[in-house]
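See below for entry_20.tsv, which holds TSV, C-alpha atoms.
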chain	number	residue	atom	x	y	z
X	398	MET	CA	16.10	-1.40	5.78
X	399	VAL	CA	14.41	1.95	5.36
X	400	HIS	CA	16.51	4.81	4.13
X	401	TRP	CA	15.83	8.20	5.71
X	402	THR	CA	17.37	11.34	4.32
X	403	ALA	CA	18.75	13.88	6.75
X	404	GLU	CA	15.91	16.21	5.78
X	405	GLU	CA	13.24	13.58	6.50
X	406	LYS	CA	14.75	12.85	9.91
X	407	GLN	CA	14.82	16.55	10.68
X	408	LEU	CA	11.21	17.09	9.60
X	409	ILE	CA	10.06	14.15	11.71
X	410	SER	CA	11.90	15.18	14.87
X	411	SER	CA	11.12	18.87	14.61
X	412	VAL	CA	7.38	18.14	14.39
X	413	TRP	CA	7.63	15.52	17.13
X	414	ALA	CA	9.33	17.95	19.49
X	415	LYS	CA	6.19	20.09	19.42
X	416	VAL	CA	3.67	17.27	19.77
X	417	ASP	CA	1.71	16.93	23.00
X	418	VAL	CA	1.73	13.13	23.01
X	419	ALA	CA	-1.19	12.71	25.41
X	420	GLU	CA	-3.45	15.16	23.52
X	421	CYS	CA	-2.51	14.11	19.99
X	422	GLY	CA	-2.66	10.44	20.86
X	423	ALA	CA	-6.08	10.80	22.44
X	424	GLU	CA	-7.35	12.80	19.49
X	425	ALA	CA	-5.98	10.40	16.88
X	426	LEU	CA	-7.52	7.34	18.51
X	427	ALA	CA	-10.83	9.14	19.08
X	428	ARG	CA	-10.95	10.20	15.44
X	429	LEU	CA	-10.21	6.62	14.34
X	430	LEU	CA	-13.23	5.41	16.30
X	431	ILE	CA	-15.39	8.27	15.01
X	432	VAL	CA	-14.38	8.37	11.34
X	433	TYR	CA	-14.17	4.57	10.95
X	434	PRO	CA	-16.73	3.34	13.48
X	435	TRP	CA	-16.11	-0.33	12.67
X	436	THR	CA	-12.77	0.02	14.45
X	437	GLN	CA	-14.76	0.16	17.70
X	438	ARG	CA	-14.91	-3.61	17.43
X	439	PHE	CA	-11.54	-3.77	19.18
X	440	PHE	CA	-12.66	-1.67	22.10
X	441	ALA	CA	-15.88	-3.28	23.30
X	442	ASP	CA	-14.78	-2.96	26.92
X	443	PHE	CA	-13.99	0.74	26.73
X	444	GLY	CA	-17.41	1.84	27.92
X	445	ASN	CA	-19.37	4.66	26.30
X	446	LEU	CA	-18.54	5.02	22.60
X	447	SER	CA	-22.04	6.05	21.58
X	448	SER	CA	-21.26	9.49	20.10
X	449	PRO	CA	-18.30	11.62	19.02
X	450	THR	CA	-18.58	13.59	22.27
X	451	ALA	CA	-18.62	10.39	24.33
X	452	ILE	CA	-15.64	9.00	22.45
X	453	ILE	CA	-13.57	12.18	22.75
X	454	GLY	CA	-14.22	12.36	26.48
X	455	ASN	CA	-13.84	8.67	27.17
X	456	PRO	CA	-10.93	8.25	29.62
X	457	LYS	CA	-10.01	4.78	28.33
X	458	VAL	CA	-9.82	6.09	24.79
X	459	ARG	CA	-7.63	8.99	25.90
X	460	ALA	CA	-5.32	6.73	27.90
X	461	HIS	CA	-4.99	4.21	25.12
X	462	GLY	CA	-4.41	6.92	22.55
X	463	LYS	CA	-1.57	8.25	24.64
X	464	LYS	CA	-0.09	4.73	24.92
X	465	VAL	CA	-0.22	4.22	21.16
X	466	LEU	CA	1.38	7.55	20.34
X	467	THR	CA	4.05	7.07	23.01
X	468	SER	CA	4.99	3.90	21.17
X	469	PHE	CA	5.36	5.96	17.99
X	470	GLY	CA	7.91	7.98	19.92
X	471	GLU	CA	9.99	4.81	20.20
X	472	ALA	CA	9.98	4.46	16.43
X	473	ILE	CA	11.10	8.05	16.08
X	474	LYS	CA	13.99	7.48	18.51
X	475	ASN	CA	15.00	4.43	16.46
X	476	LEU	CA	14.29	5.39	12.87
X	477	ASP	CA	17.00	3.05	11.66
X	478	ALA	CA	15.63	0.05	13.54
X	479	ILE	CA	11.87	0.33	13.35
X	480	LYS	CA	11.33	-3.33	12.42
X	481	ALA	CA	13.16	-4.50	15.52
X	482	THR	CA	11.39	-1.92	17.69
X	483	TYR	CA	7.99	-3.35	16.74
X	484	THR	CA	8.68	-7.11	16.68
X	485	LYS	CA	6.94	-7.86	19.97
X	486	LEU	CA	4.04	-5.49	19.29
X	487	SER	CA	3.53	-7.09	15.91
X	488	GLU	CA	3.24	-10.53	17.47
X	489	LEU	CA	0.87	-9.11	20.06
X	490	HIS	CA	-1.42	-7.47	17.50
X	491	CYS	CA	-1.60	-10.70	15.52
X	492	GLU	CA	-1.75	-13.39	18.18
X	493	LYS	CA	-3.61	-11.74	21.04
X	494	LEU	CA	-5.39	-8.69	19.68
X	495	HIS	CA	-6.32	-10.05	16.21
X	496	VAL	CA	-6.20	-6.65	14.56
X	497	ASP	CA	-6.41	-6.49	10.76
X	498	PRO	CA	-3.24	-4.60	9.71
X	499	GLU	CA	-5.37	-2.37	7.48
X	500	ASN	CA	-6.27	-0.59	10.70
X	501	PHE	CA	-2.66	0.53	11.17
X	502	ARG	CA	-2.86	2.32	7.84
X	503	LEU	CA	-6.12	3.98	8.84
X	504	LEU	CA	-4.69	5.19	12.13
X	505	GLY	CA	-1.58	6.48	10.38
X	506	ASP	CA	-3.68	8.56	7.98
X	507	ILE	CA	-5.75	9.90	10.85
X	508	LEU	CA	-2.59	10.91	12.73
X	509	ILE	CA	-1.45	12.89	9.68
X	510	ILE	CA	-4.73	14.80	9.63
X	511	VAL	CA	-4.49	15.52	13.36
X	512	LEU	CA	-0.96	16.89	12.86
X	513	ALA	CA	-2.15	18.99	9.92
X	514	SER	CA	-4.96	20.52	11.95
X	515	HIS	CA	-2.61	21.32	14.85
X	516	PHE	CA	0.31	22.67	12.88
X	517	THR	CA	-1.68	24.16	9.97
X	518	LYS	CA	0.60	25.73	7.40
X	519	ASP	CA	3.73	24.53	9.20
X	520	PHE	CA	2.68	21.04	8.19
X	521	THR	CA	4.17	21.54	4.76
X	522	PRO	CA	4.01	19.03	1.89
X	523	ALA	CA	7.58	18.01	2.78
X	524	CYS	CA	6.48	17.37	6.37
X	525	GLN	CA	3.52	15.37	5.15
X	526	PHE	CA	5.77	13.28	2.93
X	527	ALA	CA	8.18	12.43	5.75
X	528	TRP	CA	5.37	11.62	8.17
X	529	GLN	CA	3.35	9.56	5.69
X	530	LYS	CA	6.52	7.60	5.09
X	531	LEU	CA	6.96	7.13	8.83
X	532	VAL	CA	3.40	5.94	9.46
X	533	SER	CA	3.66	3.60	6.51
X	534	VAL	CA	6.92	2.12	7.82
X	535	VAL	CA	5.41	1.70	11.30
X	536	ALA	CA	2.30	0.05	9.85
X	537	HIS	CA	4.47	-2.29	7.84
X	538	ALA	CA	6.59	-3.18	10.87
X	539	LEU	CA	3.46	-3.90	12.92
X	540	ALA	CA	2.16	-6.21	10.22
X	541	ARG	CA	5.47	-7.96	9.68
X	542	LYS	CA	5.09	-10.77	12.23
X	543	TYR	CA	1.59	-11.72	11.20
X	544	HIS	CA	1.03	-15.33	10.35
S	911	MET	CA	-24.53	6.54	3.94
S	912	LEU	CA	-24.54	10.33	4.33
S	913	THR	CA	-26.86	11.35	7.15
S	914	ALA	CA	-28.70	14.67	7.23
S	915	GLU	CA	-26.16	15.88	9.78
S	916	ASP	CA	-23.23	14.85	7.55
S	917	LYS	CA	-24.74	16.79	4.65
S	918	LYS	CA	-25.08	19.92	6.78
S	919	LEU	CA	-21.47	19.67	7.94
S	920	ILE	CA	-20.21	19.11	4.41
S	921	GLN	CA	-22.10	22.10	3.03
S	922	HIS	CA	-20.96	24.26	5.92
S	923	ILE	CA	-17.31	23.37	5.44
S	924	TRP	CA	-17.61	23.82	1.70
S	925	GLU	CA	-18.45	27.48	2.28
S	926	LYS	CA	-14.89	27.88	3.57
S	927	VAL	CA	-13.55	26.45	0.33
S	928	GLN	CA	-15.39	29.07	-1.74
S	929	GLY	CA	-12.98	31.55	-3.15
S	930	HIS	CA	-10.05	29.20	-2.61
S	931	GLN	CA	-10.87	26.50	-5.16
S	932	GLU	CA	-7.75	26.96	-7.21
S	933	ASP	CA	-5.41	27.24	-4.21
S	934	PHE	CA	-6.85	24.26	-2.36
S	935	GLY	CA	-7.04	22.17	-5.51
S	936	ALA	CA	-3.48	22.95	-6.52
S	937	GLU	CA	-2.21	22.27	-3.01
S	938	ALA	CA	-4.07	18.96	-2.78
S	939	LEU	CA	-2.56	17.80	-6.05
S	940	GLN	CA	0.87	19.07	-5.08
S	941	ARG	CA	0.71	17.20	-1.76
S	942	MET	CA	-0.57	14.09	-3.49
S	943	PHE	CA	2.25	14.09	-6.08
S	944	ALA	CA	4.83	14.74	-3.35
S	945	THR	CA	3.53	12.11	-0.94
S	946	TYR	CA	2.45	9.41	-3.42
S	947	PRO	CA	4.82	9.63	-6.39
S	948	GLN	CA	2.99	6.80	-8.15
S	949	THR	CA	0.13	9.25	-8.80
S	950	LYS	CA	2.42	11.22	-11.10
S	951	THR	CA	2.23	8.38	-13.63
S	952	TYR	CA	-1.16	9.72	-14.71
S	953	PHE	CA	0.30	13.09	-15.65
S	954	PRO	CA	3.32	12.49	-17.88
S	955	HIS	CA	2.03	15.31	-20.09
S	956	PHE	CA	2.00	17.84	-17.24
S	957	ASP	CA	4.63	20.15	-15.88
S	958	LEU	CA	4.54	19.06	-12.24
S	959	SER	CA	7.00	21.61	-10.88
S	960	LYS	CA	5.92	23.90	-8.06
S	961	GLY	CA	3.50	26.61	-9.15
S	962	SER	CA	2.79	24.87	-12.45
S	963	ASP	CA	-0.16	26.44	-14.28
S	964	GLN	CA	-1.30	23.05	-15.43
S	965	VAL	CA	-1.47	21.76	-11.85
S	966	ARG	CA	-3.32	24.88	-10.71
S	967	GLY	CA	-5.77	24.56	-13.58
S	968	HIS	CA	-6.36	20.90	-12.93
S	969	GLY	CA	-6.67	21.45	-9.18
S	970	LYS	CA	-9.36	24.05	-9.82
S	971	LYS	CA	-11.20	21.62	-12.11
S	972	VAL	CA	-11.14	18.89	-9.49
S	973	VAL	CA	-12.35	21.14	-6.68
S	974	ASN	CA	-15.10	22.60	-8.86
S	975	ALA	CA	-16.28	19.06	-9.61
S	976	LEU	CA	-16.32	18.35	-5.87
S	977	GLY	CA	-18.31	21.55	-5.45
S	978	ASN	CA	-20.92	20.23	-7.87
S	979	ALA	CA	-21.04	17.03	-5.89
S	980	VAL	CA	-21.60	19.03	-2.69
S	981	LYS	CA	-24.60	20.70	-4.37
S	982	SER	CA	-26.03	17.28	-5.26
S	983	LEU	CA	-25.45	15.22	-2.15
S	984	ASP	CA	-28.80	13.50	-2.64
S	985	ASN	CA	-27.90	12.28	-6.07
S	986	LEU	CA	-24.17	11.86	-6.50
S	987	SER	CA	-24.54	9.16	-9.16
S	988	GLN	CA	-26.37	11.45	-11.50
S	989	ALA	CA	-24.32	14.56	-10.75
S	990	LEU	CA	-21.05	12.73	-11.39
S	991	SER	CA	-22.29	10.53	-14.23
S	992	GLU	CA	-20.16	12.13	-16.96
S	993	LEU	CA	-17.04	12.15	-14.81
S	994	SER	CA	-17.76	8.55	-13.97
S	995	ASN	CA	-17.74	7.69	-17.70
S	996	LEU	CA	-14.59	9.70	-18.23
S	997	HIS	CA	-12.70	7.94	-15.45
S	998	ALA	CA	-13.91	4.48	-16.45
S	999	TYR	CA	-13.36	4.61	-20.19
S	1000	ASN	CA	-10.74	7.27	-20.82
S	1001	LEU	CA	-8.66	8.01	-17.78
S	1002	ARG	CA	-8.81	4.57	-16.17
S	1003	VAL	CA	-7.11	5.81	-13.03
S	1004	ASP	CA	-6.58	2.82	-10.74
S	1005	PRO	CA	-9.67	2.97	-8.55
S	1006	SER	CA	-7.76	2.49	-5.35
S	1007	CYS	CA	-5.94	5.73	-6.18
S	1008	PHE	CA	-8.98	7.74	-5.41
S	1009	ALA	CA	-11.26	5.11	-3.99
S	1010	LEU	CA	-8.91	4.70	-1.12
S	1011	GLN	CA	-6.92	7.31	0.49
S	1012	LEU	CA	-4.62	9.08	-1.89
S	1013	LEU	CA	-6.43	12.11	-3.22
S	1014	SER	CA	-8.94	12.02	-0.38
S	1015	GLN	CA	-6.15	12.07	2.18
S	1016	SER	CA	-4.30	14.85	0.38
S	1017	PHE	CA	-7.43	16.97	0.10
S	1018	GLN	CA	-8.31	16.40	3.75
S	1019	VAL	CA	-4.80	17.40	4.81
S	1020	VAL	CA	-5.28	20.65	2.87
S	1021	LEU	CA	-8.58	21.29	4.65
S	1022	ALA	CA	-7.17	20.36	8.06
S	1023	SER	CA	-4.08	22.52	7.61
S	1024	HIS	CA	-6.14	25.54	6.53
S	1025	LEU	CA	-9.07	25.12	8.91
S	1026	GLY	CA	-7.15	23.93	11.98
S	1027	LYS	CA	-9.51	23.19	14.88
S	1028	GLU	CA	-12.54	23.80	12.67
S	1029	TYR	CA	-11.77	20.50	11.02
S	1030	THR	CA	-13.41	18.76	13.95
S	1031	PRO	CA	-13.78	14.98	14.28
S	1032	GLU	CA	-17.42	15.29	13.16
S	1033	VAL	CA	-16.49	17.31	10.07
S	1034	HIS	CA	-13.60	14.92	9.37
S	1035	ALA	CA	-15.94	11.93	9.51
S	1036	ALA	CA	-18.56	13.55	7.27
S	1037	PHE	CA	-16.00	14.66	4.73
S	1038	ASP	CA	-14.21	11.33	4.65
S	1039	LYS	CA	-17.56	9.65	3.96
S	1040	PHE	CA	-18.33	12.19	1.24
S	1041	LEU	CA	-15.02	11.66	-0.55
S	1042	SER	CA	-15.46	7.87	-0.30
S	1043	ALA	CA	-18.91	8.22	-1.83
S	1044	VAL	CA	-17.54	10.36	-4.68
S	1045	ALA	CA	-14.77	7.85	-5.31
S	1046	ALA	CA	-17.25	4.97	-5.35
S	1047	VAL	CA	-19.39	6.75	-7.96
S	1048	LEU	CA	-16.35	7.53	-10.10
S	1049	ALA	CA	-15.36	3.85	-10.02
S	1050	GLU	CA	-18.91	2.57	-10.67
S	1051	LYS	CA	-18.52	1.88	-14.37
S	1052	TYR	CA	-15.04	0.39	-14.28
S	1053	ARG	CA	-16.37	-3.07	-14.96
Take the structure I supplied and represent it as C-alpha coordinates, if you would.
Amino acid sequence: MVHWTAEEKQLISSVWAKVDVAECGAEALARLLIVYPWTQRFFADFGNLSSPTAIIGNPKVRAHGKKVLTSFGEAIKNLDAIKATYTKLSELHCEKLHVDPENFRLLGDILIIVLASHFTKDFTPACQFAWQKLVSVVAHALARKYH
Amino acid sequence: MLTAEDKKLIQHIWEKVQGHQEDFGAEALQRMFATYPQTKTYFPHFDLSKGSDQVRGHGKKVVNALGNAVKSLDNLSQALSELSNLHAYNLRVDPSCFALQLLSQSFQVVLASHLGKEYTPEVHAAFDKFLSAVAAVLAEKYR
(Lines of atoms letter the chains of each structure in order from A and count residues from 1; the text may use other names and numbers.)
(Lines give C-alpha, C1' and ligand atoms only; values in the text may rest on other atoms or scores of the structure.)
Protein backbone atom coordinates (compact mmCIF):
# COMPACT_ATOMS: atom_id res chain seq x y z
CA MET A 1 0.00 0.00 0.00
CA VAL A 2 1.21 3.50 -0.75
CA HIS A 3 2.14 5.66 2.18
CA TRP A 4 1.16 9.33 1.94
CA THR A 5 2.44 11.85 4.43
CA ALA A 6 0.01 14.44 5.75
CA GLU A 7 1.95 17.08 3.81
CA GLU A 8 1.68 15.17 0.53
CA LYS A 9 -2.07 14.72 0.99
CA GLN A 10 -2.43 18.42 1.71
CA LEU A 11 -0.39 19.45 -1.32
CA ILE A 12 -2.42 17.17 -3.57
CA SER A 13 -5.83 18.33 -2.33
CA SER A 14 -4.98 22.00 -2.17
CA VAL A 15 -3.86 21.98 -5.82
CA TRP A 16 -6.84 19.84 -6.82
CA ALA A 17 -9.28 22.25 -5.22
CA LYS A 18 -8.16 24.91 -7.68
CA VAL A 19 -8.14 22.72 -10.79
CA ASP A 20 -10.76 23.29 -13.48
CA VAL A 21 -11.18 19.61 -14.32
CA ALA A 22 -12.76 20.16 -17.74
CA GLU A 23 -10.09 22.66 -18.87
CA CYS A 24 -7.07 20.89 -17.40
CA GLY A 25 -8.25 17.51 -18.57
CA ALA A 26 -8.83 18.77 -22.10
CA GLU A 27 -5.45 20.48 -22.15
CA ALA A 28 -3.57 17.46 -20.79
CA LEU A 29 -5.06 15.07 -23.33
CA ALA A 30 -4.54 17.54 -26.18
CA ARG A 31 -0.90 18.00 -25.20
CA LEU A 32 -0.43 14.22 -25.06
CA LEU A 33 -1.64 13.94 -28.64
CA ILE A 34 0.47 16.91 -29.74
CA VAL A 35 3.73 16.22 -27.90
CA TYR A 36 3.64 12.44 -28.47
CA PRO A 37 1.76 12.15 -31.76
CA TRP A 38 1.98 8.36 -31.83
CA THR A 39 -0.57 8.34 -29.01
CA GLN A 40 -3.15 9.37 -31.61
CA ARG A 41 -3.26 5.71 -32.55
CA PHE A 42 -5.84 5.19 -29.80
CA PHE A 43 -8.12 7.91 -31.07
CA ALA A 44 -8.59 7.17 -34.76
CA ASP A 45 -12.32 7.85 -34.50
CA PHE A 46 -11.94 11.25 -32.86
CA GLY A 47 -12.07 13.16 -36.13
CA ASN A 48 -9.70 16.01 -36.96
CA LEU A 49 -6.33 15.60 -35.23
CA SER A 50 -4.32 17.11 -38.07
CA SER A 51 -2.73 20.05 -36.20
CA PRO A 52 -2.25 21.36 -32.66
CA THR A 53 -5.09 23.85 -33.24
CA ALA A 54 -7.39 21.10 -34.49
CA ILE A 55 -6.52 18.87 -31.55
CA ILE A 56 -7.01 21.60 -28.94
CA GLY A 57 -10.39 22.50 -30.38
CA ASN A 58 -11.55 18.96 -31.02
CA PRO A 59 -14.71 18.40 -28.94
CA LYS A 60 -14.10 14.66 -28.56
CA VAL A 61 -10.60 15.31 -27.25
CA ARG A 62 -11.94 17.88 -24.79
CA ALA A 63 -14.70 15.57 -23.58
CA HIS A 64 -12.39 12.62 -23.19
CA GLY A 65 -9.79 14.71 -21.42
CA LYS A 66 -12.40 15.79 -18.92
CA LYS A 67 -13.43 12.14 -18.39
CA VAL A 68 -9.85 11.07 -17.76
CA LEU A 69 -9.12 13.85 -15.29
CA THR A 70 -12.44 13.30 -13.50
CA SER A 71 -11.26 9.75 -12.90
CA PHE A 72 -8.09 11.17 -11.34
CA GLY A 73 -10.40 12.94 -8.92
CA GLU A 74 -11.55 9.52 -7.74
CA ALA A 75 -7.97 8.57 -6.95
CA ILE A 76 -7.55 11.77 -4.99
CA LYS A 77 -10.70 11.05 -2.95
CA ASN A 78 -9.33 7.58 -2.22
CA LEU A 79 -5.59 8.06 -1.83
CA ASP A 80 -5.39 5.09 0.48
CA ALA A 81 -7.17 2.75 -1.94
CA ILE A 82 -5.96 3.71 -5.38
CA LYS A 83 -5.32 0.12 -6.51
CA ALA A 84 -8.91 -0.86 -5.77
CA THR A 85 -10.24 2.32 -7.36
CA TYR A 86 -8.59 1.44 -10.68
CA THR A 87 -9.12 -2.34 -10.86
CA LYS A 88 -11.90 -2.19 -13.45
CA LEU A 89 -10.23 0.55 -15.49
CA SER A 90 -7.02 -1.45 -15.55
CA GLU A 91 -8.81 -4.47 -16.97
CA LEU A 92 -10.52 -2.22 -19.49
CA HIS A 93 -7.29 -0.60 -20.68
CA CYS A 94 -5.69 -4.02 -21.13
CA GLU A 95 -8.49 -6.16 -22.49
CA LYS A 96 -10.57 -3.75 -24.55
CA LEU A 97 -8.46 -0.67 -25.22
CA HIS A 98 -5.04 -2.38 -25.60
CA VAL A 99 -3.13 0.63 -24.33
CA ASP A 100 0.60 0.21 -23.61
CA PRO A 101 0.97 1.26 -19.93
CA GLU A 102 3.90 3.47 -20.92
CA ASN A 103 1.25 5.89 -22.12
CA PHE A 104 -0.03 6.35 -18.56
CA ARG A 105 3.40 7.59 -17.56
CA LEU A 106 3.49 9.98 -20.51
CA LEU A 107 0.08 11.41 -19.65
CA GLY A 108 1.09 11.78 -16.00
CA ASP A 109 4.16 13.80 -16.95
CA ILE A 110 2.10 15.97 -19.28
CA LEU A 111 -0.43 16.64 -16.50
CA ILE A 112 2.41 17.84 -14.26
CA ILE A 113 3.53 20.31 -16.92
CA VAL A 114 -0.04 21.57 -17.40
CA LEU A 115 -0.34 22.13 -13.64
CA ALA A 116 3.02 23.92 -13.59
CA SER A 117 1.98 26.27 -16.38
CA HIS A 118 -1.33 27.06 -14.65
CA PHE A 119 -0.06 27.48 -11.13
CA THR A 120 3.41 28.84 -11.99
CA LYS A 121 5.44 29.50 -8.87
CA ASP A 122 2.76 28.03 -6.61
CA PHE A 123 3.63 24.69 -8.16
CA THR A 124 6.58 24.33 -5.83
CA PRO A 125 9.10 21.48 -5.88
CA ALA A 126 7.21 19.94 -2.94
CA CYS A 127 3.98 20.11 -4.97
CA GLN A 128 5.71 18.55 -7.94
CA PHE A 129 7.02 15.73 -5.77
CA ALA A 130 3.60 14.91 -4.34
CA TRP A 131 1.93 15.05 -7.75
CA GLN A 132 4.61 13.05 -9.55
CA LYS A 133 4.15 10.44 -6.86
CA LEU A 134 0.39 10.51 -7.42
CA VAL A 135 0.60 10.14 -11.21
CA SER A 136 3.10 7.35 -10.80
CA VAL A 137 0.83 5.50 -8.36
CA VAL A 138 -2.15 5.95 -10.70
CA ALA A 139 -0.12 4.72 -13.68
CA HIS A 140 0.98 1.71 -11.68
CA ALA A 141 -2.58 0.93 -10.59
CA LEU A 142 -3.80 1.16 -14.19
CA ALA A 143 -1.11 -1.26 -15.31
CA ARG A 144 -1.66 -3.67 -12.46
CA LYS A 145 -4.30 -5.91 -14.04
CA TYR A 146 -2.49 -6.32 -17.33
CA HIS A 147 -1.93 -9.84 -18.48
CA MET B 1 13.30 15.21 -36.19
CA LEU B 2 13.34 18.94 -35.43
CA THR B 3 11.35 20.83 -38.04
CA ALA B 4 12.11 24.41 -39.05
CA GLU B 5 9.14 25.51 -36.97
CA ASP B 6 10.39 23.59 -33.91
CA LYS B 7 13.78 25.28 -34.22
CA LYS B 8 12.16 28.72 -34.33
CA LEU B 9 10.07 27.97 -31.25
CA ILE B 10 13.07 26.62 -29.35
CA GLN B 11 15.21 29.65 -30.14
CA HIS B 12 12.37 32.00 -29.25
CA ILE B 13 11.77 30.36 -25.89
CA TRP B 14 15.49 30.24 -25.19
CA GLU B 15 15.55 34.04 -25.29
CA LYS B 16 13.42 33.95 -22.14
CA VAL B 17 16.02 31.78 -20.44
CA GLN B 18 18.77 34.34 -21.10
CA GLY B 19 19.75 36.05 -17.93
CA HIS B 20 18.21 33.30 -15.82
CA GLN B 21 20.58 30.43 -16.61
CA GLU B 22 21.78 29.94 -13.08
CA ASP B 23 18.32 30.24 -11.51
CA PHE B 24 16.60 27.94 -13.97
CA GLY B 25 19.45 25.45 -13.89
CA ALA B 26 19.56 25.35 -10.11
CA GLU B 27 15.79 25.02 -9.89
CA ALA B 28 15.71 22.21 -12.45
CA LEU B 29 18.32 20.26 -10.52
CA GLN B 30 16.61 20.99 -7.22
CA ARG B 31 13.27 19.75 -8.57
CA MET B 32 14.93 16.70 -10.08
CA PHE B 33 16.68 15.75 -6.81
CA ALA B 34 13.45 16.32 -4.86
CA THR B 35 11.20 14.41 -7.25
CA TYR B 36 13.57 11.60 -8.30
CA PRO B 37 15.82 10.88 -5.32
CA GLN B 38 17.68 8.21 -7.28
CA THR B 39 19.32 11.02 -9.27
CA LYS B 40 21.14 12.12 -6.13
CA THR B 41 23.30 9.00 -6.36
CA TYR B 42 25.38 10.78 -9.00
CA PHE B 43 26.26 13.61 -6.64
CA PRO B 44 27.54 12.08 -3.40
CA HIS B 45 30.30 14.70 -3.46
CA PHE B 46 27.85 17.62 -3.58
CA ASP B 47 26.10 19.57 -0.89
CA LEU B 48 22.52 19.12 -2.07
CA SER B 49 20.84 21.33 0.51
CA LYS B 50 18.67 24.22 -0.65
CA GLY B 51 20.64 27.13 -2.07
CA SER B 52 23.81 25.04 -2.36
CA ASP B 53 26.51 26.84 -4.37
CA GLN B 54 27.54 23.58 -5.95
CA VAL B 55 24.02 22.95 -7.23
CA ARG B 56 23.75 26.51 -8.54
CA GLY B 57 27.11 26.21 -10.26
CA HIS B 58 26.24 22.89 -11.80
CA GLY B 59 22.79 24.09 -12.85
CA LYS B 60 24.39 27.01 -14.65
CA LYS B 61 26.81 24.65 -16.40
CA VAL B 62 23.98 22.41 -17.59
CA VAL B 63 21.86 25.28 -18.87
CA ASN B 64 24.82 26.87 -20.63
CA ALA B 65 25.47 23.55 -22.38
CA LEU B 66 21.82 23.48 -23.44
CA GLY B 67 22.28 27.02 -24.70
CA ASN B 68 25.15 25.86 -26.90
CA ALA B 69 22.93 23.10 -28.20
CA VAL B 70 20.23 25.66 -29.03
CA LYS B 71 22.81 27.59 -31.09
CA SER B 72 23.68 24.41 -33.01
CA LEU B 73 20.32 22.81 -33.65
CA ASP B 74 21.48 21.71 -37.10
CA ASN B 75 24.40 19.80 -35.72
CA LEU B 76 23.79 18.60 -32.19
CA SER B 77 26.15 15.63 -32.54
CA GLN B 78 29.11 17.83 -33.19
CA ALA B 79 28.19 20.56 -30.73
CA LEU B 80 27.75 18.05 -27.91
CA SER B 81 30.56 15.70 -28.91
CA GLU B 82 32.79 16.40 -25.90
CA LEU B 83 29.91 16.17 -23.45
CA SER B 84 28.91 12.96 -25.14
CA ASN B 85 32.38 11.51 -24.44
CA LEU B 86 32.29 12.77 -20.88
CA HIS B 87 28.93 11.15 -20.15
CA ALA B 88 29.83 7.88 -21.84
CA TYR B 89 33.29 7.29 -20.42
CA ASN B 90 33.49 9.26 -17.19
CA LEU B 91 30.11 10.07 -15.77
CA ARG B 92 28.23 7.03 -17.07
CA VAL B 93 24.91 8.41 -15.92
CA ASP B 94 22.26 5.79 -16.63
CA PRO B 95 20.99 6.88 -20.03
CA SER B 96 17.36 6.56 -19.08
CA CYS B 97 18.02 9.22 -16.42
CA PHE B 98 18.30 11.87 -19.03
CA ALA B 99 17.26 9.99 -22.11
CA LEU B 100 13.85 9.61 -20.65
CA GLN B 101 12.06 12.01 -18.55
CA LEU B 102 13.93 12.89 -15.42
CA LEU B 103 16.00 15.96 -16.13
CA SER B 104 13.94 16.82 -19.19
CA GLN B 105 10.75 16.74 -17.14
CA SER B 106 12.29 18.78 -14.34
CA PHE B 107 13.61 21.40 -16.75
CA GLN B 108 10.28 21.60 -18.56
CA VAL B 109 8.45 22.06 -15.26
CA VAL B 110 10.78 24.99 -14.53
CA LEU B 111 10.01 26.53 -17.92
CA ALA B 112 6.27 25.91 -17.59
CA SER B 113 6.13 27.34 -14.08
CA HIS B 114 8.03 30.48 -15.09
CA LEU B 115 6.47 31.02 -18.51
CA GLY B 116 2.89 29.99 -17.69
CA LYS B 117 0.66 30.20 -20.75
CA GLU B 118 3.63 31.02 -22.97
CA TYR B 119 4.66 27.41 -22.61
CA THR B 120 2.09 26.52 -25.23
CA PRO B 121 1.47 22.98 -26.52
CA GLU B 122 3.53 23.80 -29.62
CA VAL B 123 6.47 25.07 -27.57
CA HIS B 124 6.12 22.10 -25.22
CA ALA B 125 6.28 19.67 -28.14
CA ALA B 126 9.29 21.38 -29.73
CA PHE B 127 11.17 21.55 -26.46
CA ASP B 128 10.42 17.97 -25.50
CA LYS B 129 11.78 16.89 -28.89
CA PHE B 130 14.87 19.05 -28.41
CA LEU B 131 15.66 17.61 -24.98
CA SER B 132 15.13 14.07 -26.31
CA ALA B 133 17.54 14.83 -29.14
CA VAL B 134 20.14 16.17 -26.69
CA ALA B 135 19.74 13.11 -24.49
CA ALA B 136 20.13 10.79 -27.48
CA VAL B 137 23.38 12.50 -28.49
CA LEU B 138 24.72 12.32 -24.94
CA ALA B 139 23.98 8.59 -24.86
CA GLU B 140 25.41 7.93 -28.35
CA LYS B 141 28.77 6.58 -27.28
CA TYR B 142 27.61 4.48 -24.35
CA ARG B 143 28.24 1.28 -26.23
Practice prompt. Using all atoms listed in the file, find the residues of chain X whose closest atom to chain S is at most 8 Å away, then write them as a ChimeraX atom specification.
Written response: /X:428,431-433,449,506,509-511,513-518,520,522-523,525-526,529
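Going from CA of Ala536 in chain X to CA of Lys480 in chain X covers 10.0 Å.
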Worksheet entry | Counting only C-alpha atoms, the residue of S:Lys926, S:Leu939, S:Ala914, S:Leu996 that sits nearest Lys960 in chain S |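 Using only C-alpha atoms, Lys960 in chain S sits closest to S:Leu939.
Of the listed residues X:Ala419, X:Leu476, X:Val496, X:Leu486, the one whose atoms come nearest to His461 in chain X is X:Ala419, with distances taken using all atoms listed in the file.
Nearest residue to Gly454 in chain X, choosing from X:Ala481, X:Leu426, X:Val416, X:Ala527 and counting all atoms listed in the file: X:Leu426.
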Worksheet entry | Spatial sel., origin (-1.7, 19.0, -16.1), limit 10 Å, only C-alpha atoms, listed as a list in words | Tyr952, Phe953, Pro954, His955, Phe956, Asp957, Leu958, Ser962, Asp963, Gln964, Val965, Arg966, Gly967, His968 and Gly969 of chain S
Worksheet item: Interatomic distance between CA of Trp528 in chain X and CA of Cys421 in chain X?
Response: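 Rounded to one decimal, the two atoms are 14.4 Å apart.
Going from CA of Gly935 in chain S over to CA of Gly977 in chain S, you cover 11.3 Å.
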